[in-house]
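*Asks:* structure.csv is the file, holding CSV, C-alpha atoms:
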```csv
chain,number,residue,atom,x,y,z
P,1,MET,CA,28.2,-61.4,-41.3
P,2,ARG,CA,25.5,-60.5,-38.8
P,3,VAL,CA,24.4,-63.3,-36.4
P,4,PRO,CA,20.8,-63.6,-37.6
P,5,LEU,CA,21.9,-63.9,-41.3
P,6,ALA,CA,24.6,-66.4,-40.3
P,7,ILE,CA,22.1,-68.5,-38.4
P,8,ALA,CA,19.7,-68.5,-41.5
P,9,ALA,CA,22.6,-69.5,-43.8
P,10,THR,CA,23.5,-72.2,-41.3
P,11,ALA,CA,20.1,-73.7,-40.6
P,12,LEU,CA,17.8,-73.2,-43.5
P,13,PRO,CA,19.6,-75.3,-46.2
P,14,ALA,CA,19.7,-78.3,-43.9
P,15,LEU,CA,16.1,-77.9,-42.8
P,16,ALA,CA,15.0,-77.5,-46.4
P,17,LEU,CA,16.8,-80.8,-47.3
P,18,ALA,CA,15.2,-82.5,-44.3
P,19,PHE,CA,11.8,-81.4,-45.6
P,20,LEU,CA,12.8,-82.6,-49.1
P,21,GLY,CA,14.1,-85.9,-47.8
P,22,SER,CA,10.7,-86.7,-46.1
P,23,SER,CA,9.4,-87.4,-49.6
P,24,HIS,CA,12.5,-89.1,-51.0
P,25,PRO,CA,11.5,-92.4,-52.6
P,26,PRO,CA,13.0,-95.4,-50.8
P,27,MET,CA,13.8,-97.1,-54.1
P,28,LEU,CA,14.2,-96.0,-57.7
P,29,THR,CA,11.3,-97.6,-59.7
P,30,PRO,CA,9.6,-96.6,-63.0
P,31,GLU,CA,6.8,-95.2,-60.8
P,32,SER,CA,9.1,-93.0,-58.6
P,33,ALA,CA,11.6,-92.1,-61.3
P,34,SER,CA,10.0,-88.7,-62.2
P,35,TRP,CA,10.1,-87.4,-58.6
P,36,TRP,CA,13.5,-89.1,-58.0
P,37,ARG,CA,14.9,-87.0,-60.9
P,38,ASP,CA,13.2,-83.7,-60.0
P,39,LEU,CA,14.0,-84.0,-56.3
P,40,HIS,CA,17.7,-84.3,-57.1
P,41,LEU,CA,17.5,-81.4,-59.5
P,42,ILE,CA,16.4,-79.3,-56.5
P,43,GLY,CA,19.2,-81.0,-54.5
P,44,ILE,CA,21.8,-79.7,-56.9
P,45,VAL,CA,20.9,-76.2,-55.6
P,46,LEU,CA,20.5,-77.1,-51.9
P,47,PHE,CA,23.2,-79.6,-51.1
P,48,PRO,CA,26.2,-77.2,-51.8
P,49,LEU,CA,24.6,-74.7,-49.4
P,50,LEU,CA,25.3,-77.1,-46.5
P,51,ALA,CA,28.9,-76.0,-46.6
P,52,LEU,CA,27.8,-72.6,-45.3
P,53,GLY,CA,27.2,-74.2,-41.8
P,54,PRO,CA,30.9,-75.1,-41.0
P,55,TRP,CA,32.1,-71.9,-42.7
P,56,ALA,CA,29.9,-69.6,-40.7
P,57,VAL,CA,31.0,-71.2,-37.4
P,58,VAL,CA,34.7,-71.0,-38.4
P,59,ARG,CA,34.4,-67.4,-39.5
P,60,ALA,CA,32.8,-66.5,-36.1
P,61,SER,CA,35.3,-68.4,-34.0
P,62,ARG,CA,38.6,-68.3,-35.8
P,63,PRO,CA,41.5,-66.7,-34.0
P,64,ALA,CA,42.9,-63.4,-35.1
P,65,GLY,CA,45.8,-63.1,-37.3
P,66,PRO,CA,47.3,-65.3,-40.1
P,67,VAL,CA,46.3,-68.5,-38.4
P,68,GLY,CA,42.7,-67.5,-38.4
P,69,TRP,CA,42.8,-66.7,-42.1
P,70,VAL,CA,44.4,-70.1,-42.9
P,71,LEU,CA,41.8,-72.0,-40.9
P,72,GLU,CA,39.0,-70.1,-42.6
P,73,GLY,CA,40.6,-70.7,-46.0
P,74,LEU,CA,40.9,-74.4,-45.3
P,75,THR,CA,37.2,-74.5,-44.4
P,76,VAL,CA,36.4,-72.8,-47.7
P,77,VAL,CA,38.5,-75.3,-49.6
P,78,LEU,CA,36.9,-78.3,-47.8
P,79,GLY,CA,33.5,-76.7,-48.7
P,80,PHE,CA,34.3,-76.5,-52.4
P,81,VAL,CA,35.5,-80.2,-52.3
P,82,TYR,CA,32.3,-81.3,-50.7
P,83,ALA,CA,30.1,-79.2,-53.0
P,84,GLY,CA,31.8,-80.4,-56.2
P,85,PHE,CA,31.9,-84.1,-55.4
P,86,TYR,CA,28.4,-84.3,-53.8
P,87,THR,CA,26.9,-82.5,-56.8
P,88,ALA,CA,28.4,-85.3,-58.9
P,89,LEU,CA,26.4,-87.8,-56.8
P,90,ASP,CA,23.2,-85.9,-57.4
P,91,VAL,CA,23.8,-85.6,-61.1
P,92,LEU,CA,24.8,-89.3,-61.6
P,93,ALA,CA,22.6,-91.3,-59.3
P,94,GLY,CA,19.8,-88.7,-58.9
P,95,VAL,CA,19.1,-86.9,-62.2
P,96,GLY,CA,20.8,-89.5,-64.4
P,97,GLY,CA,19.4,-92.6,-62.7
P,98,GLY,CA,15.9,-91.1,-62.6
P,99,HIS,CA,15.9,-89.9,-66.2
P,100,GLU,CA,17.2,-93.2,-67.6
P,101,THR,CA,14.7,-95.2,-65.6
P,102,MET,CA,11.9,-93.0,-67.0
P,103,ARG,CA,13.1,-93.4,-70.6
P,104,LEU,CA,14.5,-96.9,-70.7
P,105,GLY,CA,13.0,-98.6,-67.6
P,106,PRO,CA,15.0,-100.6,-65.0
P,107,GLY,CA,18.3,-102.0,-66.3
P,108,PRO,CA,22.0,-102.5,-65.6
P,109,TRP,CA,22.7,-98.8,-66.4
P,110,VAL,CA,21.0,-97.8,-63.2
P,111,ALA,CA,23.3,-99.9,-61.0
P,112,SER,CA,26.3,-98.7,-63.0
P,113,LEU,CA,25.4,-95.0,-62.4
P,114,PHE,CA,24.9,-95.8,-58.6
P,115,GLU,CA,28.3,-97.5,-58.5
P,116,ILE,CA,30.2,-94.5,-59.9
P,117,ALA,CA,28.2,-92.1,-57.9
P,118,ASP,CA,29.1,-93.9,-54.6
P,119,VAL,CA,32.8,-93.7,-55.5
P,120,VAL,CA,32.8,-90.1,-56.6
P,121,THR,CA,31.0,-88.8,-53.5
P,122,VAL,CA,33.5,-90.2,-51.0
P,123,PRO,CA,36.0,-87.2,-51.0
P,124,GLY,CA,33.0,-84.8,-50.7
P,125,VAL,CA,31.4,-86.3,-47.6
P,126,TYR,CA,34.8,-86.7,-45.8
P,127,ALA,CA,35.6,-83.1,-46.7
P,128,TYR,CA,32.4,-82.0,-45.1
P,129,LEU,CA,33.1,-84.1,-42.0
P,130,ALA,CA,36.5,-82.5,-41.7
P,131,ALA,CA,35.1,-79.0,-42.0
P,132,THR,CA,32.5,-79.8,-39.3
P,133,VAL,CA,35.1,-81.2,-36.9
P,134,LEU,CA,37.2,-78.1,-37.4
P,135,ALA,CA,34.3,-75.8,-36.8
P,136,ALA,CA,33.3,-77.7,-33.6
P,137,VAL,CA,36.9,-77.5,-32.2
P,138,LEU,CA,37.2,-73.7,-32.9
P,139,ALA,CA,33.7,-73.0,-31.4
P,140,LEU,CA,34.6,-75.0,-28.2
P,141,VAL,CA,37.8,-73.0,-27.8
P,142,ARG,CA,36.1,-69.6,-28.6
P,143,ALA,CA,32.9,-70.0,-26.5
P,144,PRO,CA,33.2,-68.1,-23.2
P,145,GLY,CA,32.4,-69.6,-19.8
P,146,ALA,CA,29.1,-71.5,-19.5
P,147,TRP,CA,28.5,-71.0,-23.3
P,148,ARG,CA,31.1,-73.8,-23.8
P,149,LEU,CA,28.4,-76.3,-22.6
P,150,LEU,CA,26.1,-75.1,-25.5
P,151,ALA,CA,29.1,-75.4,-27.8
P,152,ALA,CA,29.7,-79.0,-26.6
P,153,VAL,CA,26.0,-79.9,-27.3
P,154,GLY,CA,26.2,-78.3,-30.7
P,155,ALA,CA,29.5,-80.1,-31.5
P,156,LEU,CA,27.9,-83.4,-30.6
P,157,PHE,CA,24.9,-82.9,-32.9
P,158,ALA,CA,27.0,-81.4,-35.8
P,159,VAL,CA,29.8,-84.1,-35.8
P,160,VAL,CA,27.3,-87.0,-35.3
P,161,GLY,CA,25.2,-85.6,-38.1
P,162,ALA,CA,28.3,-85.2,-40.4
P,163,TRP,CA,29.3,-88.7,-39.7
P,164,SER,CA,25.8,-90.0,-40.4
P,165,PHE,CA,25.9,-88.0,-43.7
P,166,LEU,CA,28.7,-90.3,-44.9
P,167,THR,CA,26.1,-92.9,-45.7
P,168,SER,CA,22.6,-91.6,-45.0
P,169,HIS,CA,22.0,-89.0,-47.8
P,170,ILE,CA,18.5,-87.6,-47.1
P,171,TYR,CA,16.5,-90.8,-47.1
P,172,TYR,CA,13.7,-91.0,-44.5
P,173,PRO,CA,14.1,-91.4,-41.6
P,174,TYR,CA,17.9,-91.4,-41.0
P,175,GLY,CA,18.7,-88.9,-43.7
P,176,VAL,CA,16.1,-86.5,-42.5
P,177,ALA,CA,17.3,-86.8,-38.9
P,178,THR,CA,20.9,-86.2,-40.2
P,179,MET,CA,19.9,-82.9,-41.7
P,180,VAL,CA,18.1,-81.8,-38.6
P,181,MET,CA,21.1,-82.6,-36.5
P,182,LEU,CA,23.4,-80.6,-38.9
P,183,ALA,CA,21.0,-77.6,-38.7
P,184,LEU,CA,20.7,-77.7,-34.9
P,185,GLY,CA,24.4,-78.5,-34.3
P,186,HIS,CA,25.9,-75.8,-36.4
P,187,THR,CA,23.3,-73.2,-35.1
P,188,LEU,CA,24.3,-74.0,-31.5
P,189,LEU,CA,28.0,-73.8,-32.3
P,190,LEU,CA,27.4,-70.4,-34.0
P,191,LEU,CA,25.4,-69.0,-31.1
P,192,ALA,CA,28.1,-70.2,-28.6
P,193,ALA,CA,31.0,-68.8,-30.7
P,194,THR,CA,29.4,-65.4,-31.0
P,195,ARG,CA,28.8,-64.8,-27.3
P,196,HIS,CA,31.1,-62.3,-25.5
P,197,PRO,CA,32.6,-63.0,-22.1
P,198,ALA,CA,30.9,-61.1,-19.2
P,199,VAL,CA,32.7,-57.9,-18.2
P,200,ARG,CA,33.0,-57.4,-14.5
P,201,ARG,CA,32.5,-53.9,-13.2
P,202,HIS,CA,34.8,-52.9,-10.3
P,203,ARG,CA,33.2,-50.9,-7.6
P,204,ALA,CA,35.1,-48.8,-5.0
P,205,SER,CA,35.5,-50.5,-1.7
P,206,PRO,CA,33.6,-48.9,1.3
P,207,GLU,CA,36.7,-48.9,3.3
P,208,ARG,CA,38.7,-47.3,0.5
P,209,PRO,CA,36.7,-44.7,-1.3
P,210,ALA,CA,37.6,-44.1,-4.9
P,211,GLU,CA,40.5,-41.7,-5.3
P,212,ARG,CA,39.7,-38.2,-6.5
P,213,PRO,CA,41.9,-36.3,-8.9
P,214,LEU,CA,44.2,-33.9,-7.1
P,215,THR,CA,43.2,-30.3,-7.3
P,216,THR,CA,45.4,-27.3,-7.1
P,217,PRO,CA,44.9,-25.2,-3.9
```
Can the structure in the file be given as C-alpha coordinates, please?
*Replies:*
Amino acid sequence: MRVPLAIAATALPALALAFLGSSHPPMLTPESASWWRDLHLIGIVLFPLLALGPWAVVRASRPAGPVGWVLEGLTVVLGFVYAGFYTALDVLAGVGGGHETMRLGPGPWVASLFEIADVVTVPGVYAYLAATVLAAVLALVRAPGAWRLLAAVGALFAVVGAWSFLTSHIYYPYGVATMVMLALGHTLLLLAATRHPAVRRHRASPERPAERPLTTP
(Lines of atoms letter the chains of each structure in order from A and count residues from 1; the text may use other names and numbers.)
(Lines give C-alpha, C1' and ligand atoms only; values in the text may rest on other atoms or scores of the structure.)
Protein backbone atom coordinates (compact mmCIF):
# COMPACT_ATOMS: atom_id res chain seq x y z
CA MET A 1 0.00 0.00 0.00
CA ARG A 2 1.37 3.43 -0.93
CA VAL A 3 1.97 5.81 1.94
CA PRO A 4 -0.62 8.49 0.93
CA LEU A 5 -3.31 5.82 0.53
CA ALA A 6 -2.32 4.24 3.85
CA ILE A 7 -2.52 7.63 5.59
CA ALA A 8 -5.98 8.24 4.12
CA ALA A 9 -7.17 4.80 5.27
CA THR A 10 -5.72 5.48 8.72
CA ALA A 11 -6.94 9.02 9.35
CA LEU A 12 -10.18 9.57 7.42
CA PRO A 13 -12.48 7.05 9.20
CA ALA A 14 -11.56 8.41 12.64
CA LEU A 15 -11.92 12.04 11.51
CA ALA A 16 -15.30 11.26 9.92
CA LEU A 17 -16.43 9.71 13.20
CA ALA A 18 -15.19 12.77 15.10
CA PHE A 19 -17.29 14.97 12.82
CA LEU A 20 -20.28 12.64 13.27
CA GLY A 21 -19.80 12.57 17.03
CA SER A 22 -20.00 16.35 17.26
CA SER A 23 -23.74 15.99 16.63
CA HIS A 24 -24.28 12.84 18.72
CA PRO A 25 -27.23 13.47 21.09
CA PRO A 26 -26.12 13.38 24.73
CA MET A 27 -29.23 11.36 25.64
CA LEU A 28 -31.76 9.20 23.83
CA THR A 29 -35.14 10.93 23.97
CA PRO A 30 -38.23 10.86 21.71
CA GLU A 31 -37.00 14.11 20.19
CA SER A 32 -33.47 12.85 19.45
CA ALA A 33 -34.45 9.27 18.57
CA SER A 34 -34.58 9.79 14.79
CA TRP A 35 -31.06 11.19 14.48
CA TRP A 36 -29.82 8.75 17.13
CA ARG A 37 -30.96 5.87 14.91
CA ASP A 38 -29.69 7.37 11.64
CA LEU A 39 -26.34 8.41 13.11
CA HIS A 40 -25.67 4.82 14.18
CA LEU A 41 -26.71 3.51 10.79
CA ILE A 42 -23.86 5.61 9.38
CA GLY A 43 -21.65 4.33 12.19
CA ILE A 44 -22.23 0.74 11.09
CA VAL A 45 -20.20 1.63 7.98
CA LEU A 46 -17.59 3.89 9.59
CA PHE A 47 -16.72 2.17 12.87
CA PRO A 48 -15.28 -1.03 11.36
CA LEU A 49 -12.94 1.12 9.23
CA LEU A 50 -11.11 2.20 12.40
CA ALA A 51 -9.39 -1.20 12.27
CA LEU A 52 -7.47 0.01 9.21
CA GLY A 53 -5.35 2.27 11.42
CA PRO A 54 -3.50 -0.38 13.46
CA TRP A 55 -3.36 -2.72 10.46
CA ALA A 56 -1.72 -0.12 8.20
CA VAL A 57 0.91 0.64 10.86
CA VAL A 58 1.66 -3.05 11.48
CA ARG A 59 1.88 -3.76 7.76
CA ALA A 60 4.39 -0.93 7.32
CA SER A 61 6.53 -1.84 10.34
CA ARG A 62 6.34 -5.63 10.70
CA PRO A 63 9.63 -7.53 10.55
CA ALA A 64 10.44 -9.66 7.53
CA GLY A 65 9.78 -13.38 7.49
CA PRO A 66 7.23 -15.62 9.23
CA VAL A 67 7.17 -13.55 12.43
CA GLY A 68 6.03 -10.51 10.47
CA TRP A 69 3.25 -12.44 8.78
CA VAL A 70 2.07 -13.80 12.14
CA LEU A 71 1.99 -10.32 13.67
CA GLU A 72 0.06 -8.90 10.71
CA GLY A 73 -2.34 -11.85 10.82
CA LEU A 74 -2.88 -11.28 14.55
CA THR A 75 -3.70 -7.62 13.85
CA VAL A 76 -6.21 -8.64 11.18
CA VAL A 77 -7.90 -11.07 13.60
CA LEU A 78 -8.07 -8.40 16.31
CA GLY A 79 -9.57 -6.03 13.76
CA PHE A 80 -12.27 -8.54 12.86
CA VAL A 81 -13.09 -9.09 16.53
CA TYR A 82 -13.35 -5.36 17.09
CA ALA A 83 -15.46 -4.75 13.97
CA GLY A 84 -17.91 -7.56 14.73
CA PHE A 85 -18.55 -6.79 18.38
CA TYR A 86 -18.59 -3.02 17.99
CA THR A 87 -21.08 -3.29 15.14
CA ALA A 88 -23.31 -5.20 17.56
CA LEU A 89 -23.19 -2.18 19.89
CA ASP A 90 -24.29 0.13 17.08
CA VAL A 91 -27.11 -2.18 16.04
CA LEU A 92 -28.47 -2.81 19.53
CA ALA A 93 -28.08 0.49 21.39
CA GLY A 94 -27.94 2.76 18.36
CA VAL A 95 -30.31 1.55 15.68
CA GLY A 96 -32.49 -0.61 17.94
CA GLY A 97 -32.68 1.87 20.81
CA GLY A 98 -33.45 4.80 18.53
CA HIS A 99 -36.04 2.92 16.50
CA GLU A 100 -37.87 1.54 19.52
CA THR A 101 -37.95 4.96 21.15
CA MET A 102 -39.45 6.43 17.97
CA ARG A 103 -42.14 3.75 17.77
CA LEU A 104 -42.92 3.03 21.43
CA GLY A 105 -41.48 5.95 23.34
CA PRO A 106 -39.24 5.68 26.41
CA GLY A 107 -39.51 2.40 28.26
CA PRO A 108 -37.65 -0.46 29.95
CA TRP A 109 -36.74 -1.99 26.56
CA VAL A 110 -34.28 0.86 25.96
CA ALA A 111 -32.34 0.16 29.17
CA SER A 112 -32.38 -3.54 28.31
CA LEU A 113 -30.89 -2.89 24.86
CA PHE A 114 -28.19 -0.65 26.36
CA GLU A 115 -27.35 -3.30 28.92
CA ILE A 116 -26.72 -6.08 26.40
CA ALA A 117 -24.92 -3.66 24.06
CA ASP A 118 -22.48 -2.68 26.82
CA VAL A 119 -21.72 -6.35 27.48
CA VAL A 120 -21.31 -7.33 23.83
CA THR A 121 -18.93 -4.50 22.96
CA VAL A 122 -16.30 -5.34 25.62
CA PRO A 123 -14.32 -7.89 23.54
CA GLY A 124 -14.36 -5.50 20.59
CA VAL A 125 -12.90 -2.45 22.31
CA TYR A 126 -10.22 -4.51 24.08
CA ALA A 127 -9.28 -6.14 20.77
CA TYR A 128 -8.87 -2.66 19.28
CA LEU A 129 -6.71 -1.58 22.20
CA ALA A 130 -4.52 -4.67 21.77
CA ALA A 131 -4.10 -4.02 18.04
CA THR A 132 -3.15 -0.40 18.71
CA VAL A 133 -0.56 -1.34 21.34
CA LEU A 134 0.95 -3.90 18.95
CA ALA A 135 1.12 -1.31 16.17
CA ALA A 136 2.75 1.24 18.49
CA VAL A 137 5.44 -1.20 19.64
CA LEU A 138 6.33 -2.28 16.11
CA ALA A 139 6.49 1.30 14.85
CA LEU A 140 8.77 2.30 17.72
CA VAL A 141 11.10 -0.57 16.85
CA ARG A 142 10.99 0.12 13.11
CA ALA A 143 11.36 3.91 13.10
CA PRO A 144 14.95 4.97 12.33
CA GLY A 145 16.97 7.48 14.31
CA ALA A 146 15.20 10.70 15.22
CA TRP A 147 11.98 9.43 13.64
CA ARG A 148 11.57 7.30 16.77
CA LEU A 149 10.60 10.47 18.65
CA LEU A 150 7.74 11.00 16.19
CA ALA A 151 6.75 7.36 16.70
CA ALA A 152 6.75 7.89 20.47
CA VAL A 153 4.40 10.87 20.14
CA GLY A 154 2.16 8.86 17.82
CA ALA A 155 2.18 5.92 20.23
CA LEU A 156 1.09 8.20 23.06
CA PHE A 157 -1.84 9.62 21.09
CA ALA A 158 -2.91 6.25 19.64
CA VAL A 159 -2.75 4.22 22.86
CA VAL A 160 -4.40 6.91 25.00
CA GLY A 161 -7.09 7.25 22.34
CA ALA A 162 -7.66 3.49 22.22
CA TRP A 163 -7.87 3.39 26.01
CA SER A 164 -10.37 6.26 26.04
CA PHE A 165 -12.35 4.42 23.35
CA LEU A 166 -13.13 1.70 25.91
CA THR A 167 -15.75 3.99 27.44
CA SER A 168 -16.08 7.17 25.38
CA HIS A 169 -17.78 6.03 22.14
CA ILE A 170 -18.05 9.25 20.04
CA TYR A 171 -20.00 11.42 22.47
CA TYR A 172 -18.96 15.07 22.48
CA PRO A 173 -16.50 16.19 23.78
CA TYR A 174 -14.50 13.16 24.98
CA GLY A 175 -15.53 10.81 22.19
CA VAL A 176 -14.72 13.39 19.54
CA ALA A 177 -11.31 14.00 21.13
CA THR A 178 -10.77 10.23 21.20
CA MET A 179 -11.32 9.93 17.46
CA VAL A 180 -8.96 12.83 16.75
CA MET A 181 -6.28 11.21 18.92
CA LEU A 182 -6.67 7.92 17.06
CA ALA A 183 -6.40 9.63 13.67
CA LEU A 184 -3.35 11.66 14.69
CA GLY A 185 -1.65 8.84 16.59
CA HIS A 186 -1.90 6.18 13.91
CA THR A 187 -0.91 8.68 11.20
CA LEU A 188 2.26 9.67 13.08
CA LEU A 189 3.10 6.01 13.71
CA LEU A 190 2.67 5.26 10.03
CA LEU A 191 4.86 8.19 8.95
CA ALA A 192 7.62 7.20 11.37
CA ALA A 193 7.48 3.51 10.40
CA THR A 194 7.79 4.24 6.68
CA ARG A 195 10.90 6.44 6.98
CA HIS A 196 14.17 4.96 5.76
CA PRO A 197 17.46 5.31 7.65
CA ALA A 198 19.88 7.84 6.22
CA VAL A 199 22.59 6.35 4.03
CA ARG A 200 26.06 7.74 4.61
CA ARG A 201 28.22 8.30 1.56
CA HIS A 202 31.90 7.49 2.03
CA ARG A 203 34.32 9.90 0.40
CA ALA A 204 37.94 9.22 -0.37
CA SER A 205 40.34 10.67 2.21
CA PRO A 206 42.62 13.49 0.96
CA GLU A 207 45.62 11.68 2.41
CA ARG A 208 44.66 8.41 0.71
CA PRO A 209 43.17 8.99 -2.72
CA ALA A 210 40.72 6.44 -3.99
CA GLU A 211 42.41 3.43 -5.48
CA ARG A 212 42.26 3.09 -9.22
CA PRO A 213 41.86 -0.20 -10.98
CA LEU A 214 45.10 -1.76 -12.11
CA THR A 215 45.85 -1.40 -15.81
CA THR A 216 47.94 -3.70 -17.91
CA PRO A 217 51.17 -2.00 -19.12
*Asks:* Measuring atom to atom with all atoms listed in the file, identify which of P:Ala192, P:Leu28, P:Leu78, P:Ala152 is nearest to Val57 (chain P).
*Replies:*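 Of P:Ala192, P:Leu28, P:Leu78, P:Ala152, the one nearest Val57 (chain P), counting all atoms listed in the file, is P:Ala192.
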*Asks:* Hey, could you make a per-residue contact list for region 99-195 of chain P against region 7-13 of chain P with 12 Å as the cut-off, showing the nearest pair of atoms and its distance in Å to one decimal, counting only C-alpha atoms, sorted by chain and number, as a tab-separated table?
*Replies:*
```
residue	atom	partner	partner_atom	distance
P:Thr132	CA	P:Thr10	CA	11.9
P:Ala158	CA	P:Thr10	CA	11.3
P:Met179	CA	P:Pro13	CA	8.8
P:Val180	CA	P:Ala11	CA	8.6
P:Met181	CA	P:Ala11	CA	9.8
P:Leu182	CA	P:Ala11	CA	7.8
P:Ala183	CA	P:Ala11	CA	4.4
P:Leu184	CA	P:Ala11	CA	7.0
P:Gly185	CA	P:Ala11	CA	9.0
P:His186	CA	P:Thr10	CA	6.5
P:Thr187	CA	P:Ile7	CA	5.9
P:Leu188	CA	P:Ile7	CA	9.1
P:Leu189	CA	P:Ile7	CA	10.0
P:Leu190	CA	P:Ile7	CA	7.1
P:Leu191	CA	P:Ile7	CA	8.0
P:Ala192	CA	P:Ile7	CA	11.6
P:Ala193	CA	P:Ile7	CA	11.8
P:Thr194	CA	P:Ile7	CA	10.8
```
*Asks:* Grab the CA of His169 (chain P) to CA of Ser34 (chain P) distance for me, in Å with one decimal place.
*Replies:*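 Pair CA of His169 (chain P) / CA of Ser34 (chain P) returns 18.7 Å.
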*Asks:* Of the residues P:Leu149, P:Val3, P:Val159, P:Val176, which is the one nearest to Ala60 (chain P), using only C-alpha atoms?
*Replies:*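 Using only C-alpha atoms, the shortest distance to Ala60 (chain P) belongs to P:Val3.
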*Asks:* Between CA of Phe114 (chain P) and CA of Leu15 (chain P), measure the distance and give it in Å to one decimal.
*Replies:* 25.4 Å
*Asks:* Compile the contact shell of Ala139 (chain P) as a list in words: residues with an atom at most 6 Å away, counting only C-alpha atoms, same-chain residues fewer than 2 positions apart removed.
*Replies:*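 Neighbouring residues, sequence-local ones excluded: Ser61, Ala136, Val137, Val141, Arg142, Ala143, Leu189 and Ala193 of chain P.
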*Asks:* Taking into account only C-alpha atoms, which residue in the set P:Val125, P:Leu113, P:Ala93, P:Ala16 is nearest to Trp36 (chain P)?
*Replies:*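 Looking only at the distances to Trp36 (chain P), the closest residue turns out to be P:Ala93.
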*Asks:* Find the spatial neighbours of Arg62 (chain P), counting all atoms listed in the file, within a cut-off of 8 Å - ignore same-chain residues fewer than 2 positions away - and output them as a PDB file with C-alpha atoms, keeping the file's coordinate frame.
*Replies:*
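See result.pdb below for the written result:
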```
ATOM      1  CA  VAL P  58      34.700 -71.000 -38.400  1.00  0.00           C
ATOM      2  CA  ARG P  59      34.400 -67.400 -39.500  1.00  0.00           C
ATOM      3  CA  ALA P  60      32.800 -66.500 -36.100  1.00  0.00           C
ATOM      4  CA  ALA P  64      42.900 -63.400 -35.100  1.00  0.00           C
ATOM      5  CA  GLY P  68      42.700 -67.500 -38.400  1.00  0.00           C
ATOM      6  CA  TRP P  69      42.800 -66.700 -42.100  1.00  0.00           C
ATOM      7  CA  LEU P  71      41.800 -72.000 -40.900  1.00  0.00           C
ATOM      8  CA  GLU P  72      39.000 -70.100 -42.600  1.00  0.00           C
ATOM      9  CA  LEU P 138      37.200 -73.700 -32.900  1.00  0.00           C
ATOM     10  CA  ARG P 142      36.100 -69.600 -28.600  1.00  0.00           C
TER      11      ARG P 142
END
```
*Asks:* Provide the CA of Leu20 (chain P) to CA of Gly96 (chain P) distance in Å, to one decimal place.
*Replies:*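 Answer for the CA of Leu20 (chain P) to CA of Gly96 (chain P) separation: 18.6 Å.
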*Asks:* Counting only C-alpha atoms, which residue out of P:Thr167, P:Thr29, P:Thr87, P:Thr75 sits closest to Leu46 (chain P)?
*Replies:*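 Closest candidate: P:Thr87.
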*Asks:* Select, counting all atoms listed in the file, all protein, DNA and RNA residues no farther than 12 Å from (33.2, -81.1, -40.7) in file coordinates, and express the selection as a PyMOL selection string.
*Replies:* chain P and resi 50-58+74-79+81-82+124-138+155-166+182+185-186
